[in-house]
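For reference, the structure discussed in these notes is given below.
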Amino acid sequence: MSLDKPYLDVPGTTVFDADMSRLGYHLNQFCMSLMKAENRVRFKANERGYLDEWPMSEEQKQAVMARDLNRCIELGGNIYFLAKIGATDGKSYQQMAGSMTGMSEEEYRKMMVGGGRSIEGNRYIGEKK
Amino acid sequence: MAHISASVYTSHVPAVGAALDLGKTGEPYWQAVFKGYDFSRQWLKDHKPDVIFLVYNDHANAFSLDIIPTFAIGTAPEFAVADEGWGPRPVPKVIGHPKLAAHIAQSVIQDDFDLTIVNKMDLDHGLTVPLSLMCGQPKAWPCPVIPFAVNVVQYPVPSGRRCYMLGKAIRKAIESYDEPLKVQVWGTGGMSHQLQGPRAGLINKEWDKAFLDRLIAEPEKLAAMPHIDYVREAGSEGIELVMWLIARGAMEDASGGKPPSVRHRFYHVPASNTAVGHLILENS
């Protein structure tokens, strides 16, 4: 019997469950390695070479090099792990979160100051706004 | 005997720590957040506990995907501040209380909660930001802290009901400790926020305010709320709020005593991506 996953119909959201975690194990562990200053330096000097030291899929490596966080998440990445890439690039959580929304940094910041993204129309996939 | 005097609830937004550490607290954006804690800093000085039992979550710092404990209690004499990738926060190291922590672990495990016991772990913003909000920028934290980490990163996280019941077991453990210690239990994380995907930036003020109302008045009913309601209504990272139910379950009324009094309540949007909520409840 398959597991109940009631969260699959939440729009624009990937819940990091055991299946995603299995898919993203090496991607996320690569991110953890960036907590060491010397690894951050090595990664910045040769991203492709550093990534090739990890048994990640080619899609995962491409997503990391493109800094495409939505794609990273689709491939099993989790935001708290991916944040280590952001830290290496000198990005804040707000810059990283904003980069996944299709908005500019300034637009996203303004939305947050204005009270954030409304829940109305954002509860279910296909819901009318 | 030891007793629980009060519980404190607060968000632990990392940008709040950065604002403090980089001297941005005077900016209007951050003033609006910090003014909600003016009362709390004075209150903590006036009601200084002997130990803080601090419920928080690690954000892929002490725990990678190699080991994912659902509930982990820190039993070490001291804990270092984690380098989360931006360098460690310039805040004091955390002094633990190994004797009380070991006592709680033994009692709570015998009450059917299978804790992971951790003698070495670095502490991230989940624990240090609440201390900064409540204590400002001291040279040393005002008292020993027992770190209690909850997995809210990999789904499924523990249920609200499980957290509430665990709070009761923690209360029973603390009240059976021989020394006359005054203990506060803090629950941290939340409120509504989502840090990932096209729905990032989600905030749900009405839901957050109702959560605060219900946490005060009907915590047991609130504890029955399923995970999906947190995810759908408060964002994928809003699920951190289950941790508040551990602190709430440790209050007197959860074990048949009198309801707590509300000493302070604060709510503000935004701090970075997140709605900031804060409560102080005192036992009678």
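Each chain in the structure tokens gets a letter, A, B, ..., in the order shown, and its residues are numbered from 1; ligands are numbered from 1 in order too.
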
Worksheet item: Got a sec to pull out which chain B residues are within 8 Å of chain A, counting only C-alpha atoms, and send them as a PyMOL selection string?
Response: chain B and resi 15+59-61+64-65+83-86+153-156+195-204+228+231-233+236+269-270+272-273

Worksheet item: If you run DSSP on the backbone, which residues of region 128-204 of chain B are alpha helix (DSSP H), as a VMD selection string?
Response: chain B and resid 128 to 135 160 to 175

Write the residues of the selection above to a file with C-alpha atoms, as a CSV table (one decimal), in the first residue's frame.
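Result file is part23.csv:
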```
chain,number,residue,atom,x,y,z
B,128,THR,CA,20.9,31.3,19.4
B,129,VAL,CA,18.4,33.8,17.8
B,130,PRO,CA,15.8,33.3,20.6
B,131,LEU,CA,18.6,33.8,23.2
B,132,SER,CA,19.6,37.0,21.4
B,133,LEU,CA,16.0,38.3,21.2
B,134,MET,CA,15.4,37.6,24.9
B,135,CYS,CA,18.8,38.6,26.3
B,160,GLY,CA,1.3,18.2,17.3
B,161,ARG,CA,-0.2,15.7,19.7
B,162,ARG,CA,3.1,13.8,20.2
B,163,CYS,CA,4.8,17.2,20.9
B,164,TYR,CA,2.1,18.2,23.4
B,165,MET,CA,2.4,14.9,25.2
B,166,LEU,CA,6.2,15.1,25.2
B,167,GLY,CA,5.8,18.5,26.9
B,168,LYS,CA,3.8,16.9,29.7
B,169,ALA,CA,6.5,14.2,30.1
B,170,ILE,CA,9.2,16.9,30.3
B,171,ARG,CA,7.2,18.7,33.0
B,172,LYS,CA,7.0,15.5,35.0
B,173,ALA,CA,10.7,14.9,34.6
B,174,ILE,CA,11.7,18.4,35.7
B,175,GLU,CA,9.3,18.3,38.7
```

For Ala254 (chain B), please output as a short mmCIF file (atom, residue, chain, number, x, y, z; two decimals) with N, CA and C atoms, in the first residue's frame all residues within 12 Å (counting only C-alpha atoms; exclusion window: fewer than 2 positions along the same chain).
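Contents of around_5.cif, as written:
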```cif
data_model
loop_
_atom_site.label_atom_id
_atom_site.label_comp_id
_atom_site.auth_asym_id
_atom_site.auth_seq_id
_atom_site.Cartn_x
_atom_site.Cartn_y
_atom_site.Cartn_z
N TYR B 164 2.85 17.74 22.19
CA TYR B 164 2.14 18.19 23.40
C TYR B 164 2.31 17.18 24.54
N MET B 165 2.20 15.90 24.20
CA MET B 165 2.38 14.86 25.22
C MET B 165 3.82 14.82 25.72
N LEU B 166 4.75 15.06 24.82
CA LEU B 166 6.16 15.11 25.22
C LEU B 166 6.38 16.25 26.22
N GLY B 167 5.74 17.37 25.97
CA GLY B 167 5.82 18.51 26.90
C GLY B 167 5.39 18.11 28.31
N LYS B 168 4.33 17.34 28.37
CA LYS B 168 3.85 16.87 29.69
C LYS B 168 4.88 15.97 30.36
N ALA B 169 5.52 15.11 29.56
CA ALA B 169 6.53 14.20 30.12
C ALA B 169 7.76 14.98 30.59
N ILE B 170 8.09 16.04 29.87
CA ILE B 170 9.23 16.89 30.27
C ILE B 170 8.91 17.59 31.59
N ARG B 171 7.66 18.03 31.72
CA ARG B 171 7.24 18.66 32.98
C ARG B 171 7.40 17.69 34.15
N LYS B 172 6.90 16.47 33.95
CA LYS B 172 6.97 15.45 35.00
C LYS B 172 8.44 15.19 35.38
N LEU B 215 -3.35 28.43 21.12
CA LEU B 215 -2.24 27.95 21.94
C LEU B 215 -2.45 28.36 23.40
N ILE B 216 -2.97 29.57 23.57
CA ILE B 216 -3.24 30.06 24.93
C ILE B 216 -4.45 29.32 25.52
N ALA B 217 -5.56 29.29 24.78
CA ALA B 217 -6.84 28.90 25.37
C ALA B 217 -7.18 27.42 25.24
N GLU B 218 -6.80 26.78 24.14
CA GLU B 218 -7.20 25.38 23.96
C GLU B 218 -6.08 24.56 23.30
N PRO B 219 -4.94 24.48 24.01
CA PRO B 219 -3.77 23.83 23.40
C PRO B 219 -4.00 22.36 23.03
N GLU B 220 -4.80 21.67 23.84
CA GLU B 220 -4.99 20.25 23.56
C GLU B 220 -5.73 20.06 22.24
N LYS B 221 -6.74 20.89 22.00
CA LYS B 221 -7.45 20.82 20.71
C LYS B 221 -6.54 21.24 19.57
N ALA B 223 -3.44 20.83 19.41
CA ALA B 223 -2.46 19.76 19.19
C ALA B 223 -3.00 18.67 18.25
N LEU B 245 4.19 23.46 20.76
CA LEU B 245 3.30 22.60 21.55
C LEU B 245 4.06 21.81 22.61
N ILE B 246 5.36 21.63 22.43
CA ILE B 246 6.16 20.96 23.47
C ILE B 246 6.22 21.87 24.70
N ALA B 247 6.54 23.14 24.45
CA ALA B 247 6.61 24.10 25.57
C ALA B 247 5.23 24.25 26.22
N ARG B 248 4.19 24.28 25.39
CA ARG B 248 2.84 24.48 25.94
C ARG B 248 2.41 23.28 26.78
N GLY B 249 2.80 22.09 26.34
CA GLY B 249 2.45 20.87 27.08
C GLY B 249 3.17 20.79 28.43
N ALA B 250 4.22 21.58 28.58
CA ALA B 250 4.97 21.57 29.84
C ALA B 250 4.35 22.50 30.88
N MET B 251 3.30 23.23 30.49
CA MET B 251 2.67 24.15 31.45
C MET B 251 1.71 23.39 32.36
N GLU B 252 1.44 24.04 33.51
CA GLU B 252 0.67 23.42 34.59
C GLU B 252 -0.70 22.90 34.17
N GLY B 256 -3.47 19.20 34.49
CA GLY B 256 -4.57 19.32 35.45
C GLY B 256 -4.52 20.53 36.37
N GLY B 257 -3.52 21.41 36.20
CA GLY B 257 -3.41 22.59 37.05
C GLY B 257 -4.16 23.80 36.48
N LYS B 258 -3.80 24.97 36.99
CA LYS B 258 -4.49 26.20 36.58
C LYS B 258 -3.96 26.71 35.24
N PRO B 259 -4.81 27.41 34.49
CA PRO B 259 -4.34 27.99 33.22
C PRO B 259 -3.26 29.04 33.47
N PRO B 260 -2.32 29.20 32.55
CA PRO B 260 -1.26 30.19 32.74
C PRO B 260 -1.78 31.60 32.49
N ASN B 283 3.18 30.30 34.72
CA ASN B 283 2.38 29.46 35.59
C ASN B 283 1.99 30.26 36.82
#
```

Fill in: Exercise: region 96-100 of chain B partners within 8 Å, only C-alpha atoms, chain neighbours under 5 positions left out, as a count of residues only
13

Fill in: Per-residue DSSP, region 182-250 of chain B, filtered to strand (DSSP E or B), as a PyMOL selection string
chain B and resi 182-188+202

Item to complete: May I ask for the distance between CA of Trp141 (chain B) and CA of Leu123 (chain B), given in Å to one decimal place?
Response: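 If I compute the distance from CA of Trp141 (chain B) to CA of Leu123 (chain B), I get 13.8 Å.
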
Item to complete: May I have the residues within 10 Å of Tyr37 (chain B) as number ranges by chain, using only C-alpha atoms and disregarding those fewer than 6 positions away in the same chain?
Response: B: 10, 43, 133-136, 264-266, 278-279

Worksheet entry | Who sits within 10 Å of Leu44 (chain B), only C-alpha atoms, same chain under 2 positions skipped, as a ChimeraX atom specification | /B:8,39-42,46-49,134-135,142

What does the file look like for those residues with N, CA and C atoms, as a PDB file, in the first residue's frame?
```pdb
ATOM      1  N   VAL B   8       8.165  30.449  27.094  1.00  0.00           N
ATOM      2  CA  VAL B   8       8.378  31.544  26.143  1.00  0.00           C
ATOM      3  C   VAL B   8       8.300  30.961  24.737  1.00  0.00           C
ATOM      4  N   PHE B  39       9.818  44.494  26.271  1.00  0.00           N
ATOM      5  CA  PHE B  39       9.219  43.982  27.502  1.00  0.00           C
ATOM      6  C   PHE B  39       9.903  42.680  27.935  1.00  0.00           C
ATOM      7  N   SER B  40      10.161  41.819  26.954  1.00  0.00           N
ATOM      8  CA  SER B  40      10.638  40.462  27.244  1.00  0.00           C
ATOM      9  C   SER B  40      12.034  40.465  27.851  1.00  0.00           C
ATOM     10  N   ARG B  41      12.904  41.360  27.360  1.00  0.00           N
ATOM     11  CA  ARG B  41      14.266  41.413  27.902  1.00  0.00           C
ATOM     12  C   ARG B  41      14.234  41.823  29.376  1.00  0.00           C
ATOM     13  N   GLN B  42      13.373  42.809  29.697  1.00  0.00           N
ATOM     14  CA  GLN B  42      13.242  43.222  31.097  1.00  0.00           C
ATOM     15  C   GLN B  42      12.614  42.102  31.930  1.00  0.00           C
ATOM     16  N   ASP B  46      13.986  40.220  35.297  1.00  0.00           N
ATOM     17  CA  ASP B  46      13.210  40.191  36.551  1.00  0.00           C
ATOM     18  C   ASP B  46      12.823  38.776  36.972  1.00  0.00           C
ATOM     19  N   HIS B  47      12.778  37.881  36.044  1.00  0.00           N
ATOM     20  CA  HIS B  47      12.347  36.500  36.338  1.00  0.00           C
ATOM     21  C   HIS B  47      13.405  35.524  35.856  1.00  0.00           C
ATOM     22  N   LYS B  48      14.641  35.800  36.250  1.00  0.00           N
ATOM     23  CA  LYS B  48      15.755  35.003  35.725  1.00  0.00           C
ATOM     24  C   LYS B  48      15.631  33.532  36.159  1.00  0.00           C
ATOM     25  N   PRO B  49      15.607  32.628  35.182  1.00  0.00           N
ATOM     26  CA  PRO B  49      15.525  31.207  35.542  1.00  0.00           C
ATOM     27  C   PRO B  49      16.900  30.661  35.898  1.00  0.00           C
ATOM     28  N   MET B 134      15.850  37.539  23.490  1.00  0.00           N
ATOM     29  CA  MET B 134      15.407  37.641  24.887  1.00  0.00           C
ATOM     30  C   MET B 134      16.470  38.240  25.797  1.00  0.00           C
ATOM     31  N   CYS B 135      17.745  38.177  25.393  1.00  0.00           N
ATOM     32  CA  CYS B 135      18.835  38.604  26.290  1.00  0.00           C
ATOM     33  C   CYS B 135      19.645  39.768  25.722  1.00  0.00           C
ATOM     34  N   PRO B 142      22.567  34.316  30.333  1.00  0.00           N
ATOM     35  CA  PRO B 142      22.281  34.488  31.770  1.00  0.00           C
ATOM     36  C   PRO B 142      22.227  33.192  32.586  1.00  0.00           C
TER      37      PRO B 142
END
```

Worksheet item: What's the 7 Å shell around region 55-67 of chain A, counting only C-alpha atoms, without same-chain residues fewer than 5 positions away, as a VMD selection string?
Response: chain A and resid 26 to 27 72 75

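One finds CA of Ala271 (chain B) at 7.1 Å from CA of Val16 (chain B).
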
Worksheet item: When you draw a straight line from CA of Leu3 (chain A) to CA of Val150 (chain B), how long is it in Å?
Response: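 Going from CA of Leu3 (chain A) over to CA of Val150 (chain B), I get 22.7 Å.
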